[in-house]
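Have a look at work11.cif below; it lists mmCIF, C-alpha atoms and all ligand atoms.
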data_work
loop_
_atom_site.label_atom_id
_atom_site.label_comp_id
_atom_site.auth_asym_id
_atom_site.auth_seq_id
_atom_site.Cartn_x
_atom_site.Cartn_y
_atom_site.Cartn_z
CA MET C 1 130.74 117.73 116.16
CA LYS C 2 129.44 114.76 118.15
CA LYS C 3 125.88 115.99 117.67
CA ILE C 4 126.37 116.28 113.90
CA THR C 5 127.75 112.72 113.73
CA GLN C 6 124.78 111.47 115.75
CA PHE C 7 122.37 113.30 113.43
CA ILE C 8 124.02 111.77 110.34
CA LYS C 9 123.91 108.29 111.88
CA LYS C 10 120.23 108.64 112.75
CA ASN C 11 119.22 110.28 109.46
CA LYS C 12 121.34 108.60 106.80
CA PHE C 13 118.74 108.97 104.05
CA LEU C 14 118.04 112.63 104.84
CA THR C 15 121.78 113.36 104.93
CA LEU C 16 122.19 111.72 101.52
CA ILE C 17 119.40 113.88 100.07
CA LEU C 18 120.94 117.04 101.56
CA LEU C 19 124.29 116.07 100.05
CA ILE C 20 122.72 115.53 96.62
CA TYR C 21 121.06 118.95 96.85
CA ILE C 22 124.34 120.65 97.77
CA ILE C 23 126.09 119.01 94.78
CA LEU C 24 123.15 119.89 92.53
CA PHE C 25 123.22 123.54 93.66
CA ILE C 26 126.92 123.73 92.85
CA LEU C 27 126.75 121.97 89.45
CA MET C 28 123.23 122.72 88.14
CA PRO C 29 121.57 125.48 90.20
CA ASN C 30 118.52 125.77 87.87
CA LYS C 31 117.72 122.08 88.19
CA ALA C 32 118.27 122.26 91.95
CA ILE C 33 115.69 125.08 92.27
CA THR C 34 113.13 123.16 90.13
CA SER C 35 113.72 120.05 92.21
CA LEU C 36 113.36 122.02 95.45
CA LYS C 37 110.06 123.50 94.25
CA ASN C 38 108.74 120.00 93.43
CA SER C 39 109.86 118.72 96.82
CA PHE C 40 108.05 121.56 98.60
CA TYR C 41 104.92 120.80 96.60
CA TYR C 42 104.91 117.18 97.80
CA VAL C 43 105.80 118.12 101.39
CA LYS C 44 102.86 120.55 101.39
CA GLU C 45 100.57 117.81 100.03
CA MET C 46 101.79 115.39 102.69
CA LEU C 47 101.29 117.91 105.48
CA MET C 48 97.69 118.38 104.36
CA ILE C 49 96.92 114.65 104.20
CA MET C 50 98.95 113.14 107.02
CA PRO C 51 97.05 114.67 110.00
CA VAL C 52 93.86 113.00 108.74
CA ILE C 53 95.66 109.71 108.25
CA LEU C 54 97.27 109.88 111.69
CA LEU C 55 93.85 110.58 113.18
CA LEU C 56 92.48 107.55 111.34
CA THR C 57 95.27 105.29 112.64
CA ALA C 58 94.72 106.63 116.18
CA LEU C 59 91.01 105.79 115.87
CA ILE C 60 91.80 102.27 114.61
CA THR C 61 94.21 101.80 117.52
CA ALA C 62 91.73 103.04 120.11
CA TRP C 63 88.38 101.80 118.80
CA VAL C 64 88.84 98.71 116.66
CA PRO C 65 89.38 95.64 118.86
CA LYS C 66 92.41 93.48 118.08
CA LYS C 67 90.16 90.43 117.87
CA ALA C 68 88.06 92.03 115.13
CA ILE C 69 91.16 92.73 113.02
CA GLU C 70 92.57 89.24 113.66
CA LYS C 71 89.23 87.68 112.68
CA ASN C 72 88.66 89.70 109.53
CA LEU C 73 92.20 90.39 108.34
CA GLY C 74 94.38 87.92 110.24
CA SER C 75 96.10 84.85 108.84
CA ASN C 76 93.07 82.68 109.65
CA SER C 77 90.64 84.97 107.84
CA GLY C 78 91.17 83.03 104.61
CA PHE C 79 89.64 84.14 101.33
CA LYS C 80 87.11 86.32 103.16
CA GLY C 81 90.02 88.32 104.65
CA SER C 82 91.60 88.75 101.21
CA ILE C 83 88.32 90.03 99.75
CA PHE C 84 87.84 92.36 102.73
CA SER C 85 91.36 93.78 102.25
CA PHE C 86 90.69 94.17 98.54
CA LEU C 87 87.48 96.10 99.19
CA LEU C 88 89.15 98.29 101.83
CA GLY C 89 91.87 99.23 99.33
CA SER C 90 89.36 99.71 96.49
CA PHE C 91 87.25 102.20 98.41
CA SER C 92 90.18 104.14 99.81
CA ALA C 93 91.17 107.64 98.83
CA GLY C 94 94.41 109.56 98.92
CA PRO C 95 97.97 108.86 97.83
CA ILE C 96 99.69 105.54 98.49
CA TYR C 97 102.03 106.90 101.18
CA ALA C 98 98.93 107.53 103.29
CA ALA C 99 98.28 103.78 103.24
CA PHE C 100 101.53 102.85 105.03
CA PRO C 101 100.68 104.12 108.54
CA VAL C 102 97.19 102.60 108.23
CA CYS C 103 98.64 99.25 107.17
CA LYS C 104 101.21 99.33 109.95
CA THR C 105 98.48 99.90 112.53
CA LEU C 106 96.42 97.05 111.07
CA PHE C 107 99.48 94.78 111.06
CA GLU C 108 100.18 95.56 114.72
CA LYS C 109 96.57 94.71 115.49
CA GLY C 110 96.84 91.28 113.86
CA ALA C 111 96.34 91.69 110.09
CA SER C 112 98.32 89.15 108.10
CA ILE C 113 101.13 90.09 105.73
CA SER C 114 99.26 88.78 102.66
CA ASN C 115 96.23 90.94 103.50
CA ILE C 116 98.45 93.97 104.06
CA VAL C 117 99.99 93.43 100.61
CA ILE C 118 96.53 93.10 99.04
CA LEU C 119 95.29 96.26 100.77
CA LEU C 120 98.38 98.28 99.84
CA SER C 121 98.44 97.11 96.23
CA THR C 122 94.73 97.69 95.73
CA TRP C 123 95.06 101.15 97.24
CA ALA C 124 97.92 101.87 94.86
CA VAL C 125 96.56 100.59 91.55
CA VAL C 126 92.90 99.58 91.49
CA LYS C 127 91.03 101.95 93.80
CA ILE C 128 87.65 103.11 92.48
CA PRO C 129 88.50 106.82 91.84
CA MET C 130 91.49 105.70 89.76
CA LEU C 131 89.36 103.25 87.74
CA LEU C 132 86.82 105.96 86.95
CA THR C 133 89.55 108.26 85.63
CA GLU C 134 91.04 105.38 83.65
CA PHE C 135 87.61 104.60 82.19
CA LYS C 136 87.24 108.21 81.04
CA PHE C 137 90.66 108.55 79.42
CA LEU C 138 91.48 105.03 78.16
CA GLY C 139 88.08 103.46 77.66
CA PRO C 140 86.15 100.60 79.30
CA LYS C 141 87.89 97.71 77.49
CA PHE C 142 91.33 98.84 78.66
CA MET C 143 90.12 99.49 82.21
CA ILE C 144 88.40 96.10 82.61
CA ALA C 145 91.30 94.10 81.13
CA ARG C 146 93.81 95.89 83.34
CA TRP C 147 91.59 95.55 86.42
CA ILE C 148 91.23 91.77 85.95
CA LEU C 149 94.94 91.16 85.31
CA THR C 150 96.06 93.50 88.11
CA THR C 151 93.64 91.93 90.59
CA ILE C 152 94.93 88.42 89.85
CA SER C 153 98.52 89.66 90.25
CA ILE C 154 97.69 91.35 93.56
CA PHE C 155 96.37 88.11 95.08
CA ILE C 156 99.41 86.19 93.83
CA MET C 157 101.75 88.87 95.24
CA GLY C 158 100.00 88.70 98.60
CA TYR C 159 100.54 84.95 98.75
CA ILE C 160 104.20 85.06 97.66
CA THR C 161 105.08 87.95 100.01
CA SER C 162 103.56 86.13 102.98
CA LYS C 163 105.86 83.19 102.22
CA LEU C 164 108.96 85.38 101.87
CA VAL C 165 108.40 87.90 104.69
CA LYS C 166 107.59 86.84 108.23
CA PRO C 167 106.04 89.07 110.92
CA LYS C 168 109.32 89.22 112.82
CA ASP C 169 110.89 90.93 109.79
CA LEU C 170 108.64 93.96 110.19
CA PRO C 171 109.47 96.68 112.74
CA LEU C 172 107.03 97.20 115.58
CA ASN C 173 105.72 100.57 116.58
CA ASP C 174 107.94 101.92 119.33
CA PRO C 175 109.55 98.52 119.96
CA GLN C 176 111.38 99.63 123.07
CA GLU C 177 108.18 100.62 124.78
CA ASN C 178 106.38 97.47 123.67
CA TYR C 179 109.19 95.21 124.71
CA LEU C 180 109.29 96.74 128.17
CA VAL C 181 105.75 95.49 128.66
CA GLU C 182 106.07 92.26 126.69
CA PRO C 183 109.68 91.07 126.43
CA LEU C 184 108.53 87.62 125.28
CA ARG C 185 106.41 87.41 122.17
CA ILE C 186 104.95 84.89 119.77
CA SER C 187 103.59 85.75 116.33
CA SER C 188 100.85 83.24 117.00
CA GLU C 189 99.19 83.59 113.60
CA TYR C 190 102.15 81.58 112.23
CA CYS C 191 102.15 79.00 115.01
CA ILE C 192 101.71 75.47 113.68
CA GLY C 193 100.66 74.18 117.11
CA CYS C 194 103.47 71.66 117.53
CA GLY C 195 103.63 72.34 121.29
CA ILE C 196 107.44 72.19 121.48
CA CYS C 197 107.72 75.54 123.29
CA SER C 198 105.18 74.60 125.97
CA GLU C 199 106.96 71.29 126.54
CA ILE C 200 110.37 72.95 126.91
CA ALA C 201 109.29 75.99 128.95
CA PRO C 202 105.80 75.30 130.40
CA LYS C 203 106.14 78.21 132.85
CA TYR C 204 106.16 80.63 129.91
CA PHE C 205 104.20 79.02 127.06
CA LYS C 206 100.83 77.37 126.93
CA MET C 207 98.80 75.84 124.12
CA GLU C 208 95.36 77.33 123.60
CA ASN C 209 93.16 76.29 120.66
CA LYS C 210 96.19 74.70 118.99
CA LYS C 211 98.20 77.94 119.21
CA ALA C 212 101.00 78.77 121.61
CA THR C 213 100.58 81.80 123.87
CA VAL C 214 102.89 83.49 126.34
CA ILE C 215 101.58 83.13 129.89
CA ASN C 216 104.34 84.79 131.86
CA GLN C 217 106.28 87.97 131.10
CA ASN C 218 108.39 87.88 134.27
CA ILE C 219 111.57 86.41 132.88
CA TYR C 220 113.86 84.90 135.54
CA GLN C 221 117.54 84.36 134.87
CA LYS C 222 117.31 80.68 135.83
CA ASP C 223 114.63 80.12 133.14
CA LEU C 224 116.50 81.82 130.32
CA LYS C 225 118.13 78.60 129.15
CA ALA C 226 114.75 76.89 128.66
CA ILE C 227 113.26 79.95 126.92
CA CYS C 228 116.22 80.21 124.56
CA LYS C 229 115.95 76.50 123.81
CA ALA C 230 112.24 76.94 122.97
CA ILE C 231 113.14 79.87 120.69
CA GLU C 232 115.78 77.77 118.99
CA LYS C 233 113.57 74.69 118.57
CA CYS C 234 110.44 76.51 117.38
CA PRO C 235 110.02 75.24 113.80
CA SER C 236 108.31 78.45 112.68
CA GLN C 237 110.92 80.72 114.33
CA ILE C 238 108.22 83.01 115.68
CA ILE C 239 109.25 83.38 119.32
CA GLN C 240 111.13 86.53 120.24
CA LEU C 241 112.77 87.55 123.47
CA HIS C 242 113.96 91.07 124.10
CA LYS C 243 116.47 91.13 126.92
S1 LIG C 301 107.22 75.85 119.09
FE1 LIG C 301 106.63 77.51 117.72
S2 LIG C 301 105.25 76.58 116.26
FE2 LIG C 301 105.42 75.15 117.95
S3 LIG C 301 103.74 75.65 119.31
FE3 LIG C 301 105.46 76.83 120.02
S4 LIG C 301 105.32 78.79 118.96
FE4 LIG C 301 103.98 77.36 117.89
#

How does this structure look as structure tokens?
Ligand code: SF4
Amino acid sequence: MKKITQFIKKNKFLTLILLIYIILFILMPNKAITSLKNSFYYVKEMLMIMPVILLLTALITAWVPKKAIEKNLGSNSGFKGSIFSFLLGSFSAGPIYAAFPVCKTLFEKGASISNIVILLSTWAVVKIPMLLTEFKFLGPKFMIARWILTTISIFIMGYITSKLVKPKDLPLNDPQENYLVEPLRISSEYCIGCGICSEIAPKYFKMENKKATVINQNIYQKDLKAICKAIEKCPSQIIQLHK
């Protein structure tokens, strides 16, 4: 019984789906079978695509240097980064769910939230194979008008999302493992360079090129007060400590 409760706690969404299926099988068995067939179709499609995507994310993790991602897709990449994200999304292939692991890997390597939104949105609605199909079925005028309006909206969405969602709001890959290595973190792409943290806890923070960096991951109990004060006083709220 304890194991079942643990499973339900860990897999709330899956449990809800199973529950819906059970109810559907009792009340409308025909619809439940049709739904099950559709679900299997999509699971099969995912199983065919996901290994390639996971391989791609592994290659990005292993081969693409963090600095290259930060430079070309990070928060300081400016308009060039937005165009690069747009092109990446435009020349992508495959369903949108395949984009999520790729985007997560890029985010963990330093891509900014606005560029992730641009890449995801472009992948979803203005990628080249989609435009070609649209051209064939709905004509060039429709395709061009929609492309222009959608592209403008994508850039606006990227900007607004980056104001509403901060890096600390996104889950890290295997946070426990990462935090064991780096309990103290700064999302430095959002650092405004005020220097408050390095003034309060100079043993742990240092300013480099107008950005704060963590210089010591050995957290001593006696220093916790200063670190917590730096976290509290940081105007951008981008310092995290995992104890
Ligand atoms: S207090 Fe925050 S914003 Fe200021 S330098 Fe430190 S990390 Fe950057």

Exercise. Name the residues within 10 Å of (87.3, 96.2, 99.6), counting only C-alpha atoms in the file's coordinates, and put them as a VMD selection string.
Key: chain C and resid 81 to 92 118 to 119 122 to 123 127 to 128

Exercise. For ligand LIG 301 (chain C), collect every residue having any atom at a distance of at most 12 Å from a ligand atom (counting only C-alpha atoms and all ligand atoms); output as an NGL selection string.
Key: :C and (184-202 or 204-214 or 227-240)

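Closest approach to Phe107 (chain C) among C:Val126, C:Ala68, C:Ala93, C:Leu170: C:Leu170, based on all atoms listed in the file.
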
Quiz item: So how many Å separate CA of Met50 (chain C) and CA of Ala62 (chain C), to one decimal?
Solution: 18.0 Å

Practice problem: Record the distance separating CA of Ala58 (chain C) and CA of Met130 (chain C), expressed in Å with one decimal. | Solution: 26.6 Å

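Between CA of Lys9 (chain C) and CA of Ala99 (chain C) the separation is 27.4 Å.
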
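Of the listed residues C:Pro183, C:Gly110, C:Pro101, C:Gly94, the one whose atoms come nearest to Lys67 (chain C) is C:Gly110, with distances taken using only C-alpha atoms.
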
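Across C:Leu241, C:Ile17, C:Ile154, C:Ile116, the tightest approach to Ser35 (chain C) is made by C:Ile17 when counting all atoms listed in the file.
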
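Comparing C:Thr133, C:Asn30, C:Asn11, C:Ser114 by their smallest distance to Phe79 (chain C), the closest is C:Ser114 (using only C-alpha atoms).
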
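With all atoms listed in the file taken into account, the protein and nucleic acid residues at most 9 Å from Ile96 (chain C) (excluding it and anything under 5 positions from it in its own chain) are Leu120, Ser121, Trp123 and Ala124 of chain C.
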
Exercise. Name all residues at most 12 Å from Leu132 (chain C) (count all atoms listed in the file; drop same-chain ones fewer than 3 positions away) and give them as a ChimeraX atom specification.
Key: /C:90,126-129,135-140,142-144,147

Selected residues, C-alpha atoms, written as a CSV table (one decimal), in the frame of the given file, please.
chain,number,residue,atom,x,y,z
C,90,SER,CA,89.4,99.7,96.5
C,126,VAL,CA,92.9,99.6,91.5
C,127,LYS,CA,91.0,102.0,93.8
C,128,ILE,CA,87.6,103.1,92.5
C,129,PRO,CA,88.5,106.8,91.8
C,135,PHE,CA,87.6,104.6,82.2
C,136,LYS,CA,87.2,108.2,81.0
C,137,PHE,CA,90.7,108.6,79.4
C,138,LEU,CA,91.5,105.0,78.2
C,139,GLY,CA,88.1,103.5,77.7
C,140,PRO,CA,86.2,100.6,79.3
C,142,PHE,CA,91.3,98.8,78.7
C,143,MET,CA,90.1,99.5,82.2
C,144,ILE,CA,88.4,96.1,82.6
C,147,TRP,CA,91.6,95.6,86.4

Would you mind completing region 103-136 of chain C so that it carries N, CA and C atoms, and writing it out as an mmCIF file, keeping the file's coordinate frame?
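Below is the file that was written, rebuild-v1.cif:
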data_model
loop_
_atom_site.group_PDB
_atom_site.id
_atom_site.type_symbol
_atom_site.label_atom_id
_atom_site.label_comp_id
_atom_site.auth_asym_id
_atom_site.auth_seq_id
_atom_site.Cartn_x
_atom_site.Cartn_y
_atom_site.Cartn_z
ATOM 1 N N CYS C 103 98.291 100.671 107.260
ATOM 2 C CA CYS C 103 98.640 99.250 107.170
ATOM 3 C C CYS C 103 99.487 98.813 108.371
ATOM 4 N N LYS C 104 100.381 99.694 108.808
ATOM 5 C CA LYS C 104 101.210 99.330 109.950
ATOM 6 C C LYS C 104 100.354 99.132 111.198
ATOM 7 N N THR C 105 99.380 100.025 111.368
ATOM 8 C CA THR C 105 98.480 99.900 112.530
ATOM 9 C C THR C 105 97.695 98.593 112.433
ATOM 10 N N LEU C 106 97.191 98.296 111.236
ATOM 11 C CA LEU C 106 96.420 97.050 111.070
ATOM 12 C C LEU C 106 97.307 95.833 111.325
ATOM 13 N N PHE C 107 98.546 95.898 110.852
ATOM 14 C CA PHE C 107 99.480 94.780 111.060
ATOM 15 C C PHE C 107 99.727 94.565 112.560
ATOM 16 N N GLU C 108 99.930 95.677 113.279
ATOM 17 C CA GLU C 108 100.180 95.560 114.720
ATOM 18 C C GLU C 108 98.960 95.049 115.478
ATOM 19 N N LYS C 109 97.805 95.201 114.844
ATOM 20 C CA LYS C 109 96.570 94.710 115.490
ATOM 21 C C LYS C 109 96.236 93.286 115.050
ATOM 22 N N GLY C 110 97.064 92.692 114.193
ATOM 23 C CA GLY C 110 96.840 91.280 113.860
ATOM 24 C C GLY C 110 96.549 90.972 112.409
ATOM 25 N N ALA C 111 96.563 91.988 111.509
ATOM 26 C CA ALA C 111 96.340 91.690 110.090
ATOM 27 C C ALA C 111 97.521 90.891 109.551
ATOM 28 N N SER C 112 97.238 89.982 108.632
ATOM 29 C CA SER C 112 98.320 89.150 108.100
ATOM 30 C C SER C 112 99.096 89.905 107.023
ATOM 31 N N ILE C 113 100.290 89.424 106.739
ATOM 32 C CA ILE C 113 101.130 90.090 105.730
ATOM 33 C C ILE C 113 100.471 90.024 104.358
ATOM 34 N N SER C 114 99.862 88.871 104.000
ATOM 35 C CA SER C 114 99.260 88.780 102.660
ATOM 36 C C SER C 114 98.114 89.794 102.527
ATOM 37 N N ASN C 115 97.328 89.969 103.589
ATOM 38 C CA ASN C 115 96.230 90.940 103.500
ATOM 39 C C ASN C 115 96.741 92.373 103.457
ATOM 40 N N ILE C 116 97.854 92.625 104.118
ATOM 41 C CA ILE C 116 98.450 93.970 104.060
ATOM 42 C C ILE C 116 98.915 94.257 102.628
ATOM 43 N N VAL C 117 99.530 93.250 102.001
ATOM 44 C CA VAL C 117 99.990 93.430 100.610
ATOM 45 C C VAL C 117 98.796 93.689 99.693
ATOM 46 N N ILE C 118 97.721 92.928 99.890
ATOM 47 C CA ILE C 118 96.530 93.100 99.040
ATOM 48 C C ILE C 118 95.946 94.508 99.226
ATOM 49 N N LEU C 119 95.843 94.927 100.491
ATOM 50 C CA LEU C 119 95.290 96.260 100.770
ATOM 51 C C LEU C 119 96.155 97.365 100.135
ATOM 52 N N LEU C 120 97.459 97.262 100.368
ATOM 53 C CA LEU C 120 98.380 98.280 99.840
ATOM 54 C C LEU C 120 98.339 98.341 98.316
ATOM 55 N N SER C 121 98.386 97.162 97.698
ATOM 56 C CA SER C 121 98.440 97.110 96.230
ATOM 57 C C SER C 121 97.137 97.610 95.625
ATOM 58 N N THR C 122 96.023 97.233 96.250
ATOM 59 C CA THR C 122 94.730 97.690 95.730
ATOM 60 C C THR C 122 94.633 99.205 95.846
ATOM 61 N N TRP C 123 95.059 99.687 97.007
ATOM 62 C CA TRP C 123 95.060 101.150 97.240
ATOM 63 C C TRP C 123 95.901 101.844 96.163
ATOM 64 N N ALA C 124 96.998 101.223 95.796
ATOM 65 C CA ALA C 124 97.920 101.870 94.860
ATOM 66 C C ALA C 124 97.424 101.829 93.418
ATOM 67 N N VAL C 125 96.820 100.702 92.992
ATOM 68 C CA VAL C 125 96.560 100.590 91.550
ATOM 69 C C VAL C 125 95.147 100.267 91.101
ATOM 70 N N VAL C 126 94.256 99.862 91.985
ATOM 71 C CA VAL C 126 92.900 99.580 91.490
ATOM 72 C C VAL C 126 91.795 100.222 92.342
ATOM 73 N N LYS C 127 92.102 101.329 92.994
ATOM 74 C CA LYS C 127 91.030 101.950 93.800
ATOM 75 C C LYS C 127 90.002 102.592 92.858
ATOM 76 N N ILE C 128 88.778 102.689 93.320
ATOM 77 C CA ILE C 128 87.650 103.110 92.480
ATOM 78 C C ILE C 128 87.880 104.478 91.798
ATOM 79 N N PRO C 129 88.320 105.537 92.533
ATOM 80 C CA PRO C 129 88.500 106.820 91.840
ATOM 81 C C PRO C 129 89.480 106.715 90.664
ATOM 82 N N MET C 130 90.500 105.880 90.827
ATOM 83 C CA MET C 130 91.490 105.700 89.760
ATOM 84 C C MET C 130 90.834 105.003 88.557
ATOM 85 N N LEU C 131 90.008 103.989 88.833
ATOM 86 C CA LEU C 131 89.360 103.250 87.740
ATOM 87 C C LEU C 131 88.428 104.161 86.946
ATOM 88 N N LEU C 132 87.749 105.056 87.651
ATOM 89 C CA LEU C 132 86.820 105.960 86.950
ATOM 90 C C LEU C 132 87.588 106.893 86.006
ATOM 91 N N THR C 133 88.723 107.380 86.484
ATOM 92 C CA THR C 133 89.550 108.260 85.630
ATOM 93 C C THR C 133 90.081 107.469 84.441
ATOM 94 N N GLU C 134 90.513 106.249 84.713
ATOM 95 C CA GLU C 134 91.040 105.380 83.650
ATOM 96 C C GLU C 134 89.958 105.111 82.593
ATOM 97 N N PHE C 135 88.757 104.850 83.072
ATOM 98 C CA PHE C 135 87.610 104.600 82.190
ATOM 99 C C PHE C 135 87.405 105.790 81.251
ATOM 100 N N LYS C 136 87.494 106.989 81.827
ATOM 101 C CA LYS C 136 87.240 108.210 81.040
ATOM 102 C C LYS C 136 88.309 108.415 79.967
#
